[in-house]
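Structure data follow from input.txt (compact mmCIF, C-alpha atoms):
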# COMPACT_ATOMS: atom_id res chain seq x y z
CA MET A 230 106.31 59.15 97.15
CA ASP A 231 107.43 58.03 100.61
CA GLN A 232 106.38 60.09 103.59
CA ASP A 233 107.88 60.75 107.00
CA PRO A 234 105.82 60.15 110.19
CA SER A 235 104.49 63.72 110.09
CA GLY A 236 102.87 63.12 106.72
CA SER A 237 105.21 65.43 104.80
CA PRO A 238 106.90 64.15 101.64
CA ALA A 239 110.16 62.43 102.56
CA VAL A 240 112.23 64.18 99.93
CA GLY A 241 115.24 66.46 99.91
CA THR A 242 114.87 70.06 101.04
CA VAL A 243 114.51 71.51 97.56
CA ASP A 244 111.98 68.85 96.54
CA ALA A 245 109.93 69.52 99.67
CA ALA A 246 109.98 73.21 98.85
CA VAL A 247 108.74 72.45 95.33
CA VAL A 248 105.87 70.45 96.82
CA ASP A 249 105.02 73.38 99.10
CA LEU A 250 105.21 75.95 96.31
CA LEU A 251 103.04 73.90 93.98
CA GLY A 252 100.62 73.10 96.78
CA VAL A 253 100.10 76.67 97.97
CA LEU A 254 99.84 78.00 94.43
CA ALA A 255 97.36 75.30 93.39
CA TYR A 256 95.18 75.86 96.44
CA GLY A 257 95.33 79.60 95.89
CA GLU A 258 94.08 79.15 92.32
CA LEU A 259 91.34 76.75 93.43
CA THR A 260 90.20 79.18 96.12
CA ALA A 261 90.28 82.10 93.67
CA PHE A 262 88.08 80.12 91.29
CA ILE A 263 85.53 79.30 93.99
CA ARG A 264 85.32 82.88 95.24
CA MET A 265 85.15 84.50 91.81
CA ALA A 266 82.53 82.02 90.63
CA ALA A 267 80.40 82.85 93.67
CA ASP A 268 80.88 86.61 93.15
CA CYS A 269 79.66 86.35 89.55
CA ASP A 270 76.11 86.24 90.84
CA LEU A 271 76.58 89.62 92.55
CA ALA A 272 77.61 91.45 89.37
CA PRO A 273 74.97 94.00 88.24
CA THR A 274 75.13 93.25 84.50
CA LEU A 275 75.37 90.20 82.26
CA SER A 276 78.55 91.58 80.70
CA LEU A 277 80.26 91.76 84.08
CA LYS A 278 78.99 88.31 85.02
CA SER A 279 80.58 87.02 81.82
CA GLN A 280 83.93 88.72 82.48
CA MET A 281 84.04 87.48 86.05
CA GLY A 282 83.13 84.01 84.85
CA GLN A 283 86.04 84.11 82.39
CA LEU A 284 88.41 85.03 85.20
CA ALA A 285 87.06 82.21 87.36
CA THR A 286 87.51 79.78 84.47
CA THR A 287 91.12 80.90 84.02
CA ASP A 288 91.78 80.30 87.73
CA TYR A 289 90.35 76.80 87.50
CA LEU A 290 92.28 75.87 84.37
CA GLN A 291 95.50 77.02 86.07
CA TYR A 292 94.63 74.94 89.13
CA GLN A 293 94.16 71.92 86.86
CA GLN A 294 97.49 72.56 85.16
CA LEU A 295 99.29 72.63 88.51
CA ALA A 296 97.49 69.53 89.76
CA GLU A 297 98.38 67.60 86.61
CA HIS A 298 102.02 68.67 86.92
CA MET A 299 102.09 67.45 90.53
CA ARG A 300 100.59 64.09 89.61
CA GLY A 301 103.16 63.76 86.84
CA ARG A 302 105.91 64.14 89.44
CA GLY A 303 104.35 61.64 91.82
CA ILE A 304 102.95 64.31 94.14
CA ASP A 305 99.46 63.96 95.60
CA PRO A 306 97.84 67.39 94.95
CA GLU A 307 95.42 67.09 97.86
CA ALA A 308 98.22 66.27 100.31
CA ALA A 309 100.36 69.11 98.92
CA MET A 310 97.53 71.63 99.30
CA ALA A 311 96.38 70.49 102.74
CA PRO A 312 98.88 72.51 104.85
CA PHE A 313 97.67 75.74 103.25
CA VAL A 314 93.91 75.33 103.66
CA ALA A 315 93.77 76.90 107.12
CA PRO A 316 96.22 79.81 106.46
CA ILE A 317 94.52 80.79 103.21
CA ALA A 318 91.08 80.51 104.82
CA SER A 319 92.32 82.76 107.62
CA PHE A 320 93.58 85.34 105.10
CA HIS A 321 90.24 85.41 103.30
CA GLU A 322 88.38 85.68 106.59
CA ARG A 323 90.48 88.73 107.55
CA THR A 324 89.90 90.30 104.14
CA ARG A 325 86.23 89.62 103.63
CA PRO A 326 85.00 92.20 101.07
CA ARG A 327 81.93 94.32 101.64
CA GLY A 328 80.21 93.99 98.31
CA TRP A 329 81.18 92.87 94.84
CA LEU A 330 83.29 95.94 94.02
CA GLU A 331 85.63 95.33 96.97
CA GLY A 332 85.70 91.70 95.90
CA LEU A 333 86.90 92.70 92.44
CA VAL A 334 89.61 94.95 93.88
CA LYS A 335 90.70 92.10 96.12
CA ALA A 336 90.88 89.74 93.15
CA TYR A 337 92.95 92.26 91.20
CA VAL A 338 95.42 93.53 93.80
CA GLY A 339 95.29 90.77 96.42
CA ASP A 340 95.80 87.96 93.96
CA GLY A 341 98.33 90.14 92.12
CA ILE A 342 100.51 90.43 95.22
CA ALA A 343 100.31 86.70 95.85
CA LYS A 344 101.21 85.86 92.27
CA ASP A 345 104.12 88.30 92.29
CA PHE A 346 105.44 86.51 95.37
CA TYR A 347 105.19 83.11 93.71
CA ARG A 348 106.94 84.47 90.62
CA GLU A 349 109.81 85.53 92.86
CA MET A 350 109.94 82.10 94.47
CA SER A 351 109.79 80.32 91.10
CA GLY A 352 113.32 81.55 90.42
CA PHE A 353 114.66 79.02 92.94
CA VAL A 354 113.10 75.82 91.56
CA ASP A 355 113.92 73.48 88.69
CA GLU A 356 113.20 74.63 85.13
CA GLN A 357 110.23 72.32 84.58
CA THR A 358 108.48 73.49 87.75
CA GLN A 359 109.39 77.08 86.99
CA ALA A 360 107.77 76.80 83.56
CA VAL A 361 104.49 75.40 84.88
CA MET A 362 104.41 77.97 87.69
CA GLN A 363 104.98 80.85 85.28
CA SER A 364 102.19 79.57 83.04
CA ALA A 365 99.82 79.26 85.99
CA LEU A 366 100.67 82.78 87.12
CA ASP A 367 99.67 84.34 83.79
CA ASP A 368 95.99 85.33 83.67
CA ALA A 369 96.30 86.52 80.06
CA GLY A 370 94.89 89.90 81.06
CA HIS A 371 91.50 88.49 82.10
CA ALA A 372 91.59 90.57 85.31
CA ASP A 373 92.22 93.85 83.49
CA PHE A 374 88.49 94.58 83.20
CA VAL A 375 88.56 95.43 86.91
CA VAL A 376 90.60 98.58 86.17
CA GLN A 377 87.87 100.23 84.11
CA ILE A 378 85.13 99.19 86.53
CA VAL A 379 86.95 100.85 89.42
CA ARG A 380 87.72 103.97 87.38
CA ASP A 381 84.06 104.26 86.39
CA SER A 382 82.96 103.77 90.00
CA ILE A 383 85.16 106.48 91.45
CA ARG A 384 83.98 108.93 88.78
CA THR A 385 80.36 108.45 89.80
CA ASP A 386 80.87 108.02 93.55
CA ARG A 387 83.22 110.49 95.23
CA THR A 388 83.41 108.41 98.40
CA ALA A 389 84.46 105.25 96.56
CA ALA A 390 88.05 106.35 95.86
CA GLY A 391 89.00 106.86 99.49
CA ARG A 392 87.23 103.71 100.63
CA LEU A 393 88.83 101.54 97.97
CA ALA A 394 92.27 103.09 98.54
CA LEU A 395 92.06 102.14 102.22
CA TRP A 396 90.90 98.69 101.20
CA GLY A 397 93.87 98.33 98.88
CA ARG A 398 96.31 99.28 101.63
CA ARG A 399 94.71 96.76 103.97
CA LEU A 400 94.99 94.05 101.32
CA LEU A 401 98.67 94.90 100.84
CA GLY A 402 99.46 94.52 104.53
CA GLU A 403 97.55 91.27 104.87
CA ALA A 404 98.97 89.79 101.67
CA LEU A 405 102.57 90.64 102.58
CA SER A 406 102.09 89.16 106.04
CA GLN A 407 100.70 86.02 104.42
CA ALA A 408 103.62 85.82 101.99
CA GLN A 409 106.15 86.27 104.81
CA ALA A 410 104.44 83.54 106.82
CA VAL A 411 104.60 81.14 103.87
CA ALA A 412 108.27 81.91 103.26
CA VAL A 413 109.35 81.70 106.89
CA GLU A 414 107.05 79.22 108.61
CA ARG A 415 107.46 76.44 106.05
CA ASP A 416 110.92 75.07 106.76
CA ALA A 417 111.45 73.76 103.24
CA MET A 418 110.76 77.09 101.57
CA ALA A 419 112.86 78.98 104.08
CA ALA A 420 115.69 76.54 103.34
CA LEU A 421 115.09 77.05 99.61
CA LEU A 422 115.74 80.77 99.98
CA VAL A 423 118.83 80.22 102.09
CA GLY A 424 120.07 77.47 99.81
CA GLY A 425 119.62 79.81 96.87
CA GLY A 426 122.07 82.22 98.45
CA VAL A 427 119.42 84.81 99.35
CA ASP A 428 120.32 87.01 102.32
CA LEU A 429 118.02 89.20 104.41
CA GLY A 430 118.81 92.24 102.29
CA GLU A 431 117.67 90.46 99.14
CA VAL A 432 114.50 89.27 100.89
CA GLY A 433 113.82 92.89 101.80
CA GLN A 434 114.32 93.92 98.18
CA MET A 435 111.89 91.22 97.09
CA PHE A 436 109.17 92.63 99.35
CA THR A 437 109.95 96.12 98.08
CA ARG A 438 109.31 94.86 94.54
CA LEU A 439 106.01 93.36 95.68
CA THR A 440 105.00 96.72 97.16
CA ASP A 441 106.05 98.62 94.03
CA ASN A 442 103.99 96.32 91.83
CA HIS A 443 101.00 96.82 94.12
CA GLN A 444 101.37 100.59 93.84
CA ARG A 445 101.35 100.33 90.05
CA ARG A 446 98.13 98.32 90.14
CA MET A 447 96.50 100.86 92.44
CA THR A 448 97.57 103.69 90.16
CA ARG A 449 96.08 101.92 87.14
CA MET A 450 92.74 101.88 88.94
CA GLY A 451 93.03 105.57 89.80
CA LEU A 452 93.52 104.91 93.50
CA ASP A 453 96.11 106.18 95.96
CA SER A 454 98.41 103.44 97.22

Turn this file's structure into structure tokens for me.
Amino acid sequence: MDQDPSGSPAVGTVDAAVVDLLGVLAYGELTAFIRMAADCDLAPTLSLKSQMGQLATTDYLQYQQLAEHMRGRGIDPEAAMAPFVAPIASFHERTRPRGWLEGLVKAYVGDGIAKDFYREMSGFVDEQTQAVMQSALDDAGHADFVVQIVRDSIRTDRTAAGRLALWGRRLLGEALSQAQAVAVERDAMAALLVGGGVDLGEVGQMFTRLTDNHQRRMTRMGLDS
């Protein structure tokens, strides 16, 4: 695929947006795999290590699926992911968990917000890309084990509920800011929204849906949103 002098794919606006969407989603999955795999060692039981390992494996398989799709369309996955390395690293630095339990909550609600955002954005791309994105955004329920762990924790530790609720609210703010930055600061994706006929009111409704979904996840864990 030809490139312009800046190193970005020299394709039409929508195609450039597809490259960005696939790149940020793929790097997000790769990063989620690396972090969850590292956190496995912190889990207190073999059963939890196994469940966290399964979630990490799912993240990696979804990364592979996205990378293969990009190669099939003549997109270099590494080049597509490169613009998002620093922003995603910055997000994770700002939301560094204190212990494995906060790490699990982050994986459940933080990644959930991000994936909800990408599901929203997938509605503006071609059907083939939409299909592979939707597949990569489905964790097949492998993250659901976090719900029971958190519920058990707040039953045995009265201080955990308030601490984790505050953590969830912080994750929401940081994740929404990250999503807004991705949508606005990348010209191709901003143009994709505009080209799709989305006005500011509809963008606001999209972020309301993201917040509502977050609240439902928090409620499932027994936490205030």

Find the residue from A:Asp373, A:Asp249, A:Glu258, A:Glu356 that sits nearest to A:Ala420; use all atoms listed in the file when measuring. A:Asp249

How many Å lie between atom CA of A:Thr287 and atom CA of A:Leu259, rounded to one decimal? 10.3 Å

Give as a ChimeraX atom specification the set of residues within 12 Å of the point (98.7, 91.8, 97.3), where distances use the file's coordinates and all atoms listed in the file. /A:320,324,334-347,396-409,436,438-447,454

Which of these, A:Val361, A:Leu395, A:Ile317, A:Met450, has the shortest distance to A:Phe374 once you count only C-alpha atoms? A:Met450

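If only C-alpha atoms are the atoms counted, then among A:Val248, A:Ala369, A:Ala315, A:Ala419 the closest residue to A:Thr260 is A:Ala315.
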
Take the point (101.9, 86.9, 86.8) as written in the file and pick out every residue within 7 Å of it, counting all atoms listed in the file; give the list as a ChimeraX atom specification. /A:344-345,348,363,366-368

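The interatomic distance for the pair atom CA of A:Gln283 and atom CA of A:Glu297 works out to 21.0 Å.
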
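Coordinates place atom CA of A:His371 at a distance of 18.5 Å from atom CA of A:Pro273.
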
From the list A:Arg392, A:Ser279, A:Gly433, A:Arg384, the nearest residue to A:Arg327 using all atoms listed in the file is A:Arg392

Taking into account only C-alpha atoms, which residue in the set A:Thr286, A:Thr274, A:Gln280, A:Thr358 is nearest to A:Ala246? A:Thr358

12 Å contact set for A:Arg300, only C-alpha atoms, chain neighbours under 5 positions out, as a PyMOL selection string: chain A and resi 230+248+251-252+293-295+305-309

Using only C-alpha atoms, the shortest atom-to-atom distance to A:Phe313 among A:Ala255, A:Val413, A:Ala390, A:Ala372 belongs to A:Ala255

Enclose the full set of atoms of stretch 358-364 of chain A listed in the file within a box whose edges lie along x, y and z, apply 6 Å of padding to each of the six sides, and report centre and edge lengths in Å to one decimal as AutoDock Vina command-line options.
--center_x 105.8 --center_y 77.2 --center_z 85.4 --size_x 19.2 --size_y 19.4 --size_z 16.7

Please complete stretch 276-300 of chain A with N, CA and C atoms and give it back as a tab-separated table (two decimals), in the coordinates of the input.
chain	number	residue	atom	x	y	z
A	276	SER	N	77.20	91.43	81.21
A	276	SER	CA	78.55	91.58	80.70
A	276	SER	C	79.58	91.35	81.80
A	277	LEU	N	79.33	91.94	82.97
A	277	LEU	CA	80.26	91.76	84.08
A	277	LEU	C	80.24	90.32	84.59
A	278	LYS	N	79.07	89.71	84.62
A	278	LYS	CA	78.99	88.31	85.02
A	278	LYS	C	79.87	87.46	84.10
A	279	SER	N	79.81	87.76	82.80
A	279	SER	CA	80.58	87.02	81.82
A	279	SER	C	82.08	87.20	82.04
A	280	GLN	N	82.51	88.44	82.27
A	280	GLN	CA	83.93	88.72	82.48
A	280	GLN	C	84.44	88.06	83.75
A	281	MET	N	83.63	88.12	84.80
A	281	MET	CA	84.04	87.48	86.05
A	281	MET	C	84.06	85.97	85.90
A	282	GLY	N	83.14	85.44	85.11
A	282	GLY	CA	83.13	84.01	84.85
A	282	GLY	C	84.37	83.57	84.09
A	283	GLN	N	84.81	84.41	83.13
A	283	GLN	CA	86.04	84.11	82.39
A	283	GLN	C	87.24	84.06	83.31
A	284	LEU	N	87.30	85.01	84.25
A	284	LEU	CA	88.41	85.03	85.20
A	284	LEU	C	88.38	83.79	86.09
A	285	ALA	N	87.19	83.42	86.54
A	285	ALA	CA	87.06	82.21	87.36
A	285	ALA	C	87.50	80.98	86.58
A	286	THR	N	87.12	80.91	85.30
A	286	THR	CA	87.51	79.78	84.47
A	286	THR	C	89.03	79.70	84.32
A	287	THR	N	89.66	80.86	84.14
A	287	THR	CA	91.12	80.90	84.02
A	287	THR	C	91.77	80.36	85.30
A	288	ASP	N	91.25	80.79	86.45
A	288	ASP	CA	91.78	80.30	87.73
A	288	ASP	C	91.67	78.78	87.81
A	289	TYR	N	90.53	78.24	87.39
A	289	TYR	CA	90.35	76.80	87.50
A	289	TYR	C	91.26	76.04	86.54
A	290	LEU	N	91.40	76.53	85.33
A	290	LEU	CA	92.28	75.87	84.37
A	290	LEU	C	93.73	75.87	84.87
A	291	GLN	N	94.14	76.96	85.53
A	291	GLN	CA	95.50	77.02	86.07
A	291	GLN	C	95.66	76.06	87.25
A	292	TYR	N	94.60	75.94	88.05
A	292	TYR	CA	94.63	74.94	89.13
A	292	TYR	C	94.80	73.54	88.54
A	293	GLN	N	94.05	73.24	87.49
A	293	GLN	CA	94.16	71.92	86.86
A	293	GLN	C	95.56	71.67	86.32
A	294	GLN	N	96.14	72.68	85.72
A	294	GLN	CA	97.49	72.56	85.16
A	294	GLN	C	98.49	72.22	86.26
A	295	LEU	N	98.38	72.89	87.39
A	295	LEU	CA	99.29	72.63	88.51
A	295	LEU	C	99.06	71.24	89.08
A	296	ALA	N	97.80	70.85	89.22
A	296	ALA	CA	97.49	69.53	89.76
A	296	ALA	C	98.02	68.42	88.85
A	297	GLU	N	97.87	68.60	87.55
A	297	GLU	CA	98.38	67.60	86.61
A	297	GLU	C	99.91	67.52	86.68
A	298	HIS	N	100.56	68.66	86.81
A	298	HIS	CA	102.02	68.67	86.92
A	298	HIS	C	102.45	67.92	88.18
A	299	MET	N	101.74	68.15	89.28
A	299	MET	CA	102.09	67.45	90.53
A	299	MET	C	101.92	65.94	90.37
A	300	ARG	N	100.81	65.53	89.80
A	300	ARG	CA	100.59	64.09	89.61
A	300	ARG	C	101.68	63.49	88.73
